[in-house]
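**Q** Before I ask anything, let me first share the structure, which is written out below as structure tokens.
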Amino acid sequence: MDRLVKFREIFLAFRIDSIDTEIEDLLQTGLSSPELLQACQKCMEEIGKKFEEGAYFLPELVMAGEMFKKVSARLRPHISPGSEEVAGKIVLGTPKGDLHSLGKDIFGMLAEASGFVVHNLGVDVAPETFVEKLKETGAPILGMSALITTAFDPMQEVVRLLEEEGIRERTYVIIGGGVTTKDMVGRLKVDAQTWDAYEGLRIVQSFMDEKEETK
Ligand code: B12
């Protein structure tokens with residue numbers, strides 16, 4: 001039987017008091033953090049669909065957010081630091097108008113565990129703030145997360161500002177979040193896109209390798 005059936009039931013019924021125990025049980029049986037995260041993401045999509053169909057309202061979205069926070073807090077100790085060395089610096093945030101933070105924070109947590117110094121600017125970040133932070137820290141990587149379509153224009157504005165300030169060439173830009181798509185790489189003139197924080201991590205690691213080679 002699918003080990004995740006009970007977990008999904010608990011998550012989709014917003015039974016926040018039961019989720020901790022269920023996660024512990026699943027981890028005991030050898031389920032990995034990526035598998036658990038993927039299951040959560042699917043639950044969030046289902047809840048999102050019900051919201052779209054008018055069966056759920058804002059309180060359900062808020063509850064979904066709280067459930068997800070519980071899961072990520074529980075997983076944090078299981079995502080062990082892989083390296084003591086600084087792997088690179090990342091400026092991370094959700095652009096102006098968008099208040100979704102969960103996926104971004106998961107990616108930030110994974111990147112930190114892999115030795116990256118992450119400057120997480122939070123949500124609703126103005127384009128100028130991203131650019132200022134990149135200049136201040138000298139970070140070679142910018143990560144932006146979007147869950148609502150209105151975040152696309154601010155993302156484009158960030159890229160435009162990077163060009164204007166002459167730092168686009170030295171900055172790798174990666175975007176993620178449910179509403180982003182691969183074709184946005186060309187359209188927004190960014191370097192990569194992903195719906196998967198683990199893939200995002202592999203991509204930023206490849207950026208650093210490429211940087212090392214071109215030194
Ligand atoms: C929870 C939730 C909320 C919570 C967010 C809580 C929080 N702290 O984040 C709250 C209640 C605040 C909320 C509010 C709203 N929401 Co909302 N929300 C959701 C929901 C259910 C889940 C989002 C989520 O966290 N998913 C789980 C995470 C883990 O997935 P993820 O972000 O994609 O992240 C993964 C990857 O993409 C990747 N990743 C993410 N970011 C990054 C960044 C980088 C750099 C990298 C490398 C990787 C990466 O890593 C993660 C793990 O693999 C979605 C439904 C859905 N389908 O996603 C709707 C959804 C996003 N919301 C929606 C809407 C409409 C709203 C509201 C406008 C509702 C309203 N009427 O007020 C407001 C908007 C407020 C605003 N201005 O932003 C719509 C957006 C529609 C659209 N196309 O624009 C959705 C899609 C629901 C729907 N189907 O209608 N929401």
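Just so we're on the same page: first chain in the structure tokens is A, next is B, and so on; residues restart at 1 for each chain, and ligands are numbered from 1 in the order they show up.
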Near A:Arg15, counting only C-alpha atoms, which residues have an atom at most 12 Å away, once you skip same-chain residues fewer than 5 positions from it, shown as a PDB file with C-alpha atoms, in the first residue's frame?
**A**
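Generated file (result.pdb):
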```pdb
ATOM      1  CA  LYS A   6      -2.473   8.404   5.421  1.00  0.00           C
ATOM      2  CA  PHE A   7      -0.167  11.403   5.183  1.00  0.00           C
ATOM      3  CA  ARG A   8      -2.210  12.809   2.287  1.00  0.00           C
ATOM      4  CA  GLU A   9      -5.453  12.241   4.197  1.00  0.00           C
ATOM      5  CA  ILE A  10      -4.121  14.093   7.236  1.00  0.00           C
ATOM      6  CA  ASP A  20       4.135  15.605  13.267  1.00  0.00           C
ATOM      7  CA  THR A  21       3.628  12.005  14.357  1.00  0.00           C
ATOM      8  CA  GLU A  22       2.849  10.870  10.827  1.00  0.00           C
ATOM      9  CA  MET A  63      -4.328  26.444   6.644  1.00  0.00           C
ATOM     10  CA  ALA A  64      -2.460  24.776   3.783  1.00  0.00           C
ATOM     11  CA  GLU A  66       0.412  26.327   8.129  1.00  0.00           C
ATOM     12  CA  MET A  67       0.448  22.589   7.351  1.00  0.00           C
ATOM     13  CA  PHE A  68       3.368  23.072   5.003  1.00  0.00           C
ATOM     14  CA  LYS A  70       4.882  22.262  10.072  1.00  0.00           C
TER      15      LYS A  70
END
```
**Q** Kindly provide, as an mmCIF file with N, CA and C atoms, in the first residue's frame, all nucleotide and amino acid residues lying within 7 Å of ligand 1, counting only C-alpha atoms and all ligand atoms.
**A**
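result02.cif was written with the following content:
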```cif
data_model
loop_
_atom_site.group_PDB
_atom_site.id
_atom_site.type_symbol
_atom_site.label_atom_id
_atom_site.label_comp_id
_atom_site.auth_asym_id
_atom_site.auth_seq_id
_atom_site.Cartn_x
_atom_site.Cartn_y
_atom_site.Cartn_z
ATOM 1 N N LEU A 37 8.473 15.978 0.529
ATOM 2 C CA LEU A 37 8.229 17.323 0.006
ATOM 3 C C LEU A 37 7.360 17.278 -1.239
ATOM 4 N N GLN A 38 7.674 16.287 -2.086
ATOM 5 C CA GLN A 38 6.894 16.144 -3.322
ATOM 6 C C GLN A 38 5.422 15.853 -2.998
ATOM 7 N N GLN A 41 3.793 19.035 -1.938
ATOM 8 C CA GLN A 41 3.566 19.933 -3.066
ATOM 9 C C GLN A 41 2.296 19.513 -3.823
ATOM 10 N N MET A 44 -0.699 20.592 -1.900
ATOM 11 C CA MET A 44 -0.909 22.040 -2.053
ATOM 12 C C MET A 44 -1.577 22.328 -3.395
ATOM 13 N N GLU A 45 -1.153 21.584 -4.428
ATOM 14 C CA GLU A 45 -1.770 21.785 -5.753
ATOM 15 C C GLU A 45 -3.251 21.436 -5.714
ATOM 16 N N GLU A 46 -3.574 20.328 -5.017
ATOM 17 C CA GLU A 46 -4.985 19.919 -4.924
ATOM 18 C C GLU A 46 -5.814 20.968 -4.201
ATOM 19 N N ILE A 47 -5.244 21.497 -3.120
ATOM 20 C CA ILE A 47 -5.956 22.528 -2.345
ATOM 21 C C ILE A 47 -6.137 23.765 -3.227
ATOM 22 N N GLY A 48 -5.080 24.094 -3.988
ATOM 23 C CA GLY A 48 -5.147 25.234 -4.915
ATOM 24 C C GLY A 48 -6.255 25.050 -5.941
ATOM 25 N N LYS A 49 -6.393 23.815 -6.448
ATOM 26 C CA LYS A 49 -7.419 23.537 -7.453
ATOM 27 C C LYS A 49 -8.818 23.768 -6.873
ATOM 28 N N PHE A 51 -9.569 25.717 -4.507
ATOM 29 C CA PHE A 51 -9.730 27.169 -4.339
ATOM 30 C C PHE A 51 -10.172 27.777 -5.671
ATOM 31 N N GLU A 52 -9.506 27.325 -6.739
ATOM 32 C CA GLU A 52 -9.821 27.822 -8.083
ATOM 33 C C GLU A 52 -11.266 27.506 -8.464
ATOM 34 N N LEU A 58 -10.000 31.626 1.129
ATOM 35 C CA LEU A 58 -8.712 32.025 1.695
ATOM 36 C C LEU A 58 -8.318 31.265 2.973
ATOM 37 N N PRO A 59 -9.248 31.032 3.923
ATOM 38 C CA PRO A 59 -8.837 30.322 5.145
ATOM 39 C C PRO A 59 -8.190 28.969 4.856
ATOM 40 N N LEU A 61 -6.446 28.216 2.166
ATOM 41 C CA LEU A 61 -5.081 28.479 1.674
ATOM 42 C C LEU A 61 -4.155 28.761 2.857
ATOM 43 N N VAL A 62 -4.678 29.540 3.816
ATOM 44 C CA VAL A 62 -3.874 29.858 5.007
ATOM 45 C C VAL A 62 -3.548 28.567 5.768
ATOM 46 N N ALA A 64 -3.418 25.559 4.571
ATOM 47 C CA ALA A 64 -2.460 24.776 3.783
ATOM 48 C C ALA A 64 -1.046 25.277 4.059
ATOM 49 N N GLY A 65 -0.917 26.609 4.120
ATOM 50 C CA GLY A 65 0.387 27.209 4.420
ATOM 51 C C GLY A 65 0.904 26.759 5.781
ATOM 52 N N LEU A 92 17.987 35.894 -2.505
ATOM 53 C CA LEU A 92 16.739 35.163 -2.761
ATOM 54 C C LEU A 92 15.532 35.984 -2.317
ATOM 55 N N GLY A 97 4.428 42.274 -4.820
ATOM 56 C CA GLY A 97 3.043 41.901 -5.091
ATOM 57 C C GLY A 97 2.728 40.461 -4.740
ATOM 58 N N ASP A 98 3.769 39.645 -4.573
ATOM 59 C CA ASP A 98 3.558 38.219 -4.294
ATOM 60 C C ASP A 98 3.968 37.926 -2.843
ATOM 61 N N LEU A 99 3.057 37.298 -2.085
ATOM 62 C CA LEU A 99 3.315 37.062 -0.659
ATOM 63 C C LEU A 99 3.600 35.590 -0.355
ATOM 64 N N HIS A 100 3.722 34.766 -1.372
ATOM 65 C CA HIS A 100 3.973 33.329 -1.147
ATOM 66 C C HIS A 100 5.446 33.107 -0.803
ATOM 67 N N SER A 101 5.674 32.350 0.256
ATOM 68 C CA SER A 101 7.056 32.228 0.740
ATOM 69 C C SER A 101 7.551 30.790 0.869
ATOM 70 N N LEU A 102 6.634 29.818 0.884
ATOM 71 C CA LEU A 102 7.002 28.468 1.340
ATOM 72 C C LEU A 102 8.025 27.773 0.442
ATOM 73 N N GLY A 103 7.778 27.792 -0.868
ATOM 74 C CA GLY A 103 8.694 27.128 -1.805
ATOM 75 C C GLY A 103 10.063 27.785 -1.798
ATOM 76 N N LYS A 104 10.047 29.115 -1.790
ATOM 77 C CA LYS A 104 11.305 29.870 -1.735
ATOM 78 C C LYS A 104 12.121 29.474 -0.506
ATOM 79 N N ILE A 106 11.987 26.730 1.238
ATOM 80 C CA ILE A 106 12.496 25.359 1.126
ATOM 81 C C ILE A 106 13.792 25.369 0.314
ATOM 82 N N PHE A 107 13.755 26.067 -0.824
ATOM 83 C CA PHE A 107 14.965 26.140 -1.643
ATOM 84 C C PHE A 107 16.098 26.779 -0.842
ATOM 85 N N GLY A 143 18.019 34.314 -6.947
ATOM 86 C CA GLY A 143 16.885 33.393 -7.051
ATOM 87 C C GLY A 143 15.598 34.132 -6.759
ATOM 88 N N MET A 144 14.634 34.004 -7.662
ATOM 89 C CA MET A 144 13.337 34.642 -7.422
ATOM 90 C C MET A 144 12.245 33.589 -7.531
ATOM 91 N N SER A 145 11.233 33.752 -6.672
ATOM 92 C CA SER A 145 10.145 32.778 -6.611
ATOM 93 C C SER A 145 8.833 33.471 -6.967
ATOM 94 N N ALA A 146 7.972 32.805 -7.754
ATOM 95 C CA ALA A 146 6.676 33.412 -8.074
ATOM 96 C C ALA A 146 5.567 32.381 -8.032
ATOM 97 N N LEU A 147 4.482 32.739 -7.362
ATOM 98 C CA LEU A 147 3.303 31.869 -7.296
ATOM 99 C C LEU A 147 2.093 32.527 -7.921
ATOM 100 N N ILE A 148 2.194 33.839 -8.166
ATOM 101 C CA ILE A 148 1.074 34.491 -8.861
ATOM 102 C C ILE A 148 1.631 35.234 -10.081
ATOM 103 N N THR A 149 0.792 35.274 -11.119
ATOM 104 C CA THR A 149 1.260 35.785 -12.408
ATOM 105 C C THR A 149 1.674 37.260 -12.359
ATOM 106 N N THR A 150 1.125 38.013 -11.413
ATOM 107 C CA THR A 150 1.474 39.433 -11.343
ATOM 108 C C THR A 150 2.937 39.643 -10.940
ATOM 109 N N ILE A 174 18.041 32.594 -11.475
ATOM 110 C CA ILE A 174 17.191 31.386 -11.514
ATOM 111 C C ILE A 174 15.833 31.734 -10.915
ATOM 112 N N ILE A 175 14.778 31.256 -11.580
ATOM 113 C CA ILE A 175 13.438 31.491 -11.039
ATOM 114 C C ILE A 175 12.749 30.150 -10.741
ATOM 115 N N GLY A 176 11.826 30.181 -9.765
ATOM 116 C CA GLY A 176 11.094 28.971 -9.408
ATOM 117 C C GLY A 176 9.722 29.351 -8.899
ATOM 118 N N GLY A 177 8.927 28.325 -8.549
ATOM 119 C CA GLY A 177 7.582 28.575 -8.048
ATOM 120 C C GLY A 177 6.558 28.096 -9.054
ATOM 121 N N GLY A 178 5.423 27.628 -8.512
ATOM 122 C CA GLY A 178 4.392 26.958 -9.296
ATOM 123 C C GLY A 178 3.948 27.630 -10.569
ATOM 124 N N VAL A 179 3.980 28.945 -10.604
ATOM 125 C CA VAL A 179 3.407 29.634 -11.755
ATOM 126 C C VAL A 179 4.440 29.901 -12.863
ATOM 127 N N GLN A 193 14.970 27.900 -14.838
ATOM 128 C CA GLN A 193 13.665 27.846 -14.139
ATOM 129 C C GLN A 193 13.474 26.432 -13.610
ATOM 130 N N THR A 194 12.812 26.330 -12.468
ATOM 131 C CA THR A 194 12.497 24.998 -11.940
ATOM 132 C C THR A 194 11.244 25.011 -11.059
ATOM 133 N N TRP A 195 10.624 23.825 -10.962
ATOM 134 C CA TRP A 195 9.500 23.631 -10.031
ATOM 135 C C TRP A 195 9.944 22.751 -8.886
ATOM 136 N N ASP A 196 11.218 22.516 -8.794
ATOM 137 C CA ASP A 196 11.728 21.538 -7.840
ATOM 138 C C ASP A 196 12.965 22.111 -7.141
ATOM 139 N N ALA A 197 12.860 22.280 -5.813
ATOM 140 C CA ALA A 197 13.952 22.901 -5.060
ATOM 141 C C ALA A 197 15.257 22.095 -5.180
ATOM 142 N N TYR A 198 15.147 20.770 -5.268
ATOM 143 C CA TYR A 198 16.362 19.942 -5.374
ATOM 144 C C TYR A 198 17.043 20.158 -6.724
ATOM 145 N N GLY A 200 16.724 22.893 -8.373
ATOM 146 C CA GLY A 200 17.251 24.251 -8.240
ATOM 147 C C GLY A 200 18.639 24.244 -7.619
ATOM 148 N N LEU A 201 18.797 23.397 -6.619
ATOM 149 C CA LEU A 201 20.089 23.300 -5.947
ATOM 150 C C LEU A 201 21.169 22.799 -6.922
#
```
**Q** Closest to A:Leu121 among A:Gln28, A:Thr171, A:Thr94, A:Thr137, using only C-alpha atoms?
**A**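 So, comparing all the options, the nearest one is A:Thr94.
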**Q** Once DSSP has gone over the backbone, tell me which residues of stretch 34-203 of chain A are in alpha helix (DSSP H), as a PyMOL selection string.
**A** chain A and resi 34-53+58-75+102-113+127-137+152-164+184-187+197-203
**Q** Which residue, A:Lys42, A:Arg187, A:Arg3, A:Arg74, has the smallest gap to A:Met155 when you use only C-alpha atoms?
**A**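 Among the listed residues, A:Arg187 lies closest to A:Met155.
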**Q** Considering only C-alpha atoms, can you say which of A:Glu128, A:Asp191, A:Asp183, A:Glu136 comes closest to A:Arg160?
**A**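 Ranked by minimum distance to A:Arg160, first place goes to A:Glu128.
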**Q** Would you please give, as a PDB file with C-alpha atoms, in the first residue's frame, all residues of stretch 92-177 of chain A that DSSP assigns to strand (DSSP E) based on the backbone?
**A**
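Done, and the output landed in out-v8.pdb:
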```pdb
ATOM      1  CA  LEU A  92      16.739  35.163  -2.761  1.00  0.00           C
ATOM      2  CA  GLY A  93      13.242  36.583  -2.614  1.00  0.00           C
ATOM      3  CA  PHE A 116      25.540  28.502   0.277  1.00  0.00           C
ATOM      4  CA  VAL A 117      25.188  31.782   2.122  1.00  0.00           C
ATOM      5  CA  VAL A 118      21.600  32.776   1.429  1.00  0.00           C
ATOM      6  CA  HIS A 119      20.431  36.364   1.743  1.00  0.00           C
ATOM      7  CA  ASN A 120      16.705  35.749   1.960  1.00  0.00           C
ATOM      8  CA  ILE A 141      23.344  34.204  -7.976  1.00  0.00           C
ATOM      9  CA  LEU A 142      19.861  35.668  -7.792  1.00  0.00           C
ATOM     10  CA  GLY A 143      16.885  33.393  -7.051  1.00  0.00           C
ATOM     11  CA  MET A 144      13.337  34.642  -7.422  1.00  0.00           C
ATOM     12  CA  SER A 145      10.145  32.778  -6.611  1.00  0.00           C
ATOM     13  CA  TYR A 172      23.142  34.046 -12.741  1.00  0.00           C
ATOM     14  CA  VAL A 173      19.367  34.372 -12.429  1.00  0.00           C
ATOM     15  CA  ILE A 174      17.191  31.386 -11.514  1.00  0.00           C
ATOM     16  CA  ILE A 175      13.438  31.491 -11.039  1.00  0.00           C
ATOM     17  CA  GLY A 176      11.094  28.971  -9.408  1.00  0.00           C
TER      18      GLY A 176
END
```
**Q** Atom CA of A:Tyr56 and atom CA of A:Asp17 are how many Å apart?
**A**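 Going from atom CA of A:Tyr56 over to atom CA of A:Asp17, I get 20.9 Å.
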**Q** So the first atom is atom CA of A:Lys189 and the second is atom CA of A:Lys96; what is the distance between them in Å, to one decimal place?
**A**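 These two atoms are separated by 18.4 Å.
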**Q** With only C-alpha atoms as the atoms that count, which of A:Leu31, A:Leu134, A:Val190, A:Val158 lies nearest to A:Leu75?
**A**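 With only C-alpha atoms as the atom set, the closest residue is A:Leu31.
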**Q** So the first atom is atom CA of A:Leu4 and the second is atom CA of A:Lys50; what is the distance between them in Å, to one decimal place?
**A**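 Straight-line distance from atom CA of A:Leu4 to atom CA of A:Lys50 works out to 20.5 Å.
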